[in-house]
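Here is the structure we will look at.
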Amino acid sequence: MNYRSKLIPTVALCATATFLLTFAAAIPAGMPVGDLPGWKQTFVQNFDSPASLGQVEDVYGKEMRFYSGHTDTSGNGTYDPRSVLSVSDGKLNYLLHTAKGKPRVATVVPFGYQGQTYGRYSIRFRTDHLPGYKIAFMLWPVSDDWNEGEIDWPEGELSKMMMYANSKVKGSLDEGGMSADPPEFAHAPTDSADWHVATTEWTPGKVKWFWDGILIGETTLPWGVPDTDFRWTLQAETEVGEGARIPNSRTAGLIQVDWAVQYAYAPAD
């Protein structure tokens, strides 16, 4: 497999939907429709309406929300949905790149800010190799009080494209951040260069993470499981933390999302 950064003029806004053979039979490419045992499907996004760069907010603004105009977590990137986001061939494309000396990134809130307590969240996506950038697809408190917790999956630096999962322990916020559960993050068995389905199941007392239908990790502590309303947030940004790199100005490429589906927790009576 040839991993390489791409220059903006040569970025292709589409990709071949190819599964690794190991998991090809586990998850179908099509978006799941309808309820599942214990789960009621509440929102779906299949990106059926095309939208060129600069038009996604106009076309999808009644369904989705976007971060715009402020810096990302590291402070090195700027959320700029009009220069980053487009929809083509049924895919949401994040074109991460640098303009006017600043990395351009985007965050999509696919089903609005209202959120819910407990749920199932499933997304089919892939990424290019983009050193200096990362993704953090997360569940975030509707209250914006980080001390309520945070659930991250999939998350990872796009220099390695190896995704990991963890849940932040509610009530553990201090000057150094928050404690994580499990302390050793769960990791996907394959990278994100090809198409994969990442699923989070959040129920009372437990969070589980799946990669192409295979369980790759779960919480071990009850206080590692949030119990207030959270919203789903699909965040692309520059690297953070110790050793973080600022993207090379010539580095540009895609994160692509095929579909996203949300369910409400609906246990049997």
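Naming works like this for the structure tokens: A, B, ... for the chains as they're shown, residue 1 at the start of each chain, ligands 1 onward in shown order.
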
| Got a sec: who's within 10 Å of A:Glu157, counting only C-alpha atoms, leaving out chain neighbours fewer than 5 positions off, as a VMD selection string? | chain A and resid 129 to 136 162 to 164 236 to 240 244

| said: Residues near A:Thr203, anyone? I mean within 9 Å using only C-alpha atoms, not counting same-chain ones fewer than 3 positions away, as JSON, numbers by chain. | reply: {"A": [117, 118, 119, 120, 206, 207, 208, 225, 227, 265]}

Those same residues - N, CA and C atoms - I'd like them written as a PDB file, in the first residue's frame.
```
ATOM      1  N   THR A 117     -28.606  10.721  26.280  1.00  0.00           N
ATOM      2  CA  THR A 117     -27.893   9.897  27.251  1.00  0.00           C
ATOM      3  C   THR A 117     -27.965   8.445  26.804  1.00  0.00           C
ATOM      4  N   TYR A 118     -26.816   7.825  26.590  1.00  0.00           N
ATOM      5  CA  TYR A 118     -26.636   6.482  26.065  1.00  0.00           C
ATOM      6  C   TYR A 118     -27.017   6.434  24.579  1.00  0.00           C
ATOM      7  N   GLY A 119     -26.396   5.522  23.866  1.00  0.00           N
ATOM      8  CA  GLY A 119     -26.683   5.421  22.447  1.00  0.00           C
ATOM      9  C   GLY A 119     -25.682   4.528  21.734  1.00  0.00           C
ATOM     10  N   ARG A 120     -25.969   4.286  20.466  1.00  0.00           N
ATOM     11  CA  ARG A 120     -25.085   3.524  19.578  1.00  0.00           C
ATOM     12  C   ARG A 120     -24.756   4.422  18.387  1.00  0.00           C
ATOM     13  N   LYS A 206     -21.413   0.790  30.951  1.00  0.00           N
ATOM     14  CA  LYS A 206     -20.493   0.152  30.011  1.00  0.00           C
ATOM     15  C   LYS A 206     -20.402   0.955  28.710  1.00  0.00           C
ATOM     16  N   VAL A 207     -19.167   1.049  28.170  1.00  0.00           N
ATOM     17  CA  VAL A 207     -18.942   1.541  26.811  1.00  0.00           C
ATOM     18  C   VAL A 207     -18.138   0.473  26.075  1.00  0.00           C
ATOM     19  N   LYS A 208     -18.571   0.131  24.856  1.00  0.00           N
ATOM     20  CA  LYS A 208     -17.877  -0.851  24.026  1.00  0.00           C
ATOM     21  C   LYS A 208     -17.527  -0.217  22.688  1.00  0.00           C
ATOM     22  N   VAL A 225     -17.872   5.681  32.596  1.00  0.00           N
ATOM     23  CA  VAL A 225     -19.042   5.701  31.723  1.00  0.00           C
ATOM     24  C   VAL A 225     -19.870   6.947  32.022  1.00  0.00           C
ATOM     25  N   ASP A 227     -23.029   9.614  32.166  1.00  0.00           N
ATOM     26  CA  ASP A 227     -24.449   9.370  32.406  1.00  0.00           C
ATOM     27  C   ASP A 227     -25.276  10.642  32.233  1.00  0.00           C
ATOM     28  N   TYR A 265     -30.734   4.232  23.067  1.00  0.00           N
ATOM     29  CA  TYR A 265     -30.761   3.027  23.881  1.00  0.00           C
ATOM     30  C   TYR A 265     -32.210   2.634  24.133  1.00  0.00           C
TER      31      TYR A 265
END
```

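Atom CA of A:Gly224 to atom CA of A:Ala264 spans 19.7 Å [interatomic distance, one decimal].
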
| Nearest to A:Ser52 among A:Lys91, A:Arg231, A:His70, A:Arg65, with distances taken over only C-alpha atoms: which residue is it? | A:Lys91

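The spacing separating atom CA of A:Ser122 from atom CA of A:Thr199 amounts to 4.2 Å.
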
| Counting only C-alpha atoms, which of A:Glu201, A:Glu242, A:Asp174, A:Asp89 gets nearest to A:Asp152? |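 Closest candidate: A:Glu201.
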
Could you make a table, as a Markdown table, of the residues of stretch 143-257 of chain A that have an atom within 12 Å of an atom of stretch 30-36 of chain A, each with its nearest atom pair and distance in Å to one decimal, counting only C-alpha atoms, in chain and number order?
```
| residue | atom | partner | partner_atom | distance |
| --- | --- | --- | --- | --- |
| A:Trp195 | CA | A:Gly30 | CA | 11.8 |
| A:His196 | CA | A:Gly30 | CA | 11.8 |
| A:Val197 | CA | A:Met31 | CA | 10.2 |
| A:Val257 | CA | A:Met31 | CA | 11.3 |
```

Convert the current residue selection to file output with N, CA and C atoms, as a PDB file, in the first residue's frame.
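This went into out-v6.pdb:
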```pdb
ATOM      1  N   TRP A 195     -11.600   1.551   3.764  1.00  0.00           N
ATOM      2  CA  TRP A 195     -12.881   1.825   4.399  1.00  0.00           C
ATOM      3  C   TRP A 195     -13.111   0.877   5.570  1.00  0.00           C
ATOM      4  N   HIS A 196     -13.558   1.458   6.701  1.00  0.00           N
ATOM      5  CA  HIS A 196     -13.874   0.669   7.895  1.00  0.00           C
ATOM      6  C   HIS A 196     -15.096   1.257   8.583  1.00  0.00           C
ATOM      7  N   VAL A 197     -15.735   0.416   9.391  1.00  0.00           N
ATOM      8  CA  VAL A 197     -16.875   0.848  10.197  1.00  0.00           C
ATOM      9  C   VAL A 197     -16.468   0.836  11.664  1.00  0.00           C
ATOM     10  N   VAL A 257     -16.164  10.303   4.815  1.00  0.00           N
ATOM     11  CA  VAL A 257     -17.212   9.624   5.566  1.00  0.00           C
ATOM     12  C   VAL A 257     -18.288   9.185   4.583  1.00  0.00           C
TER      13      VAL A 257
END
```
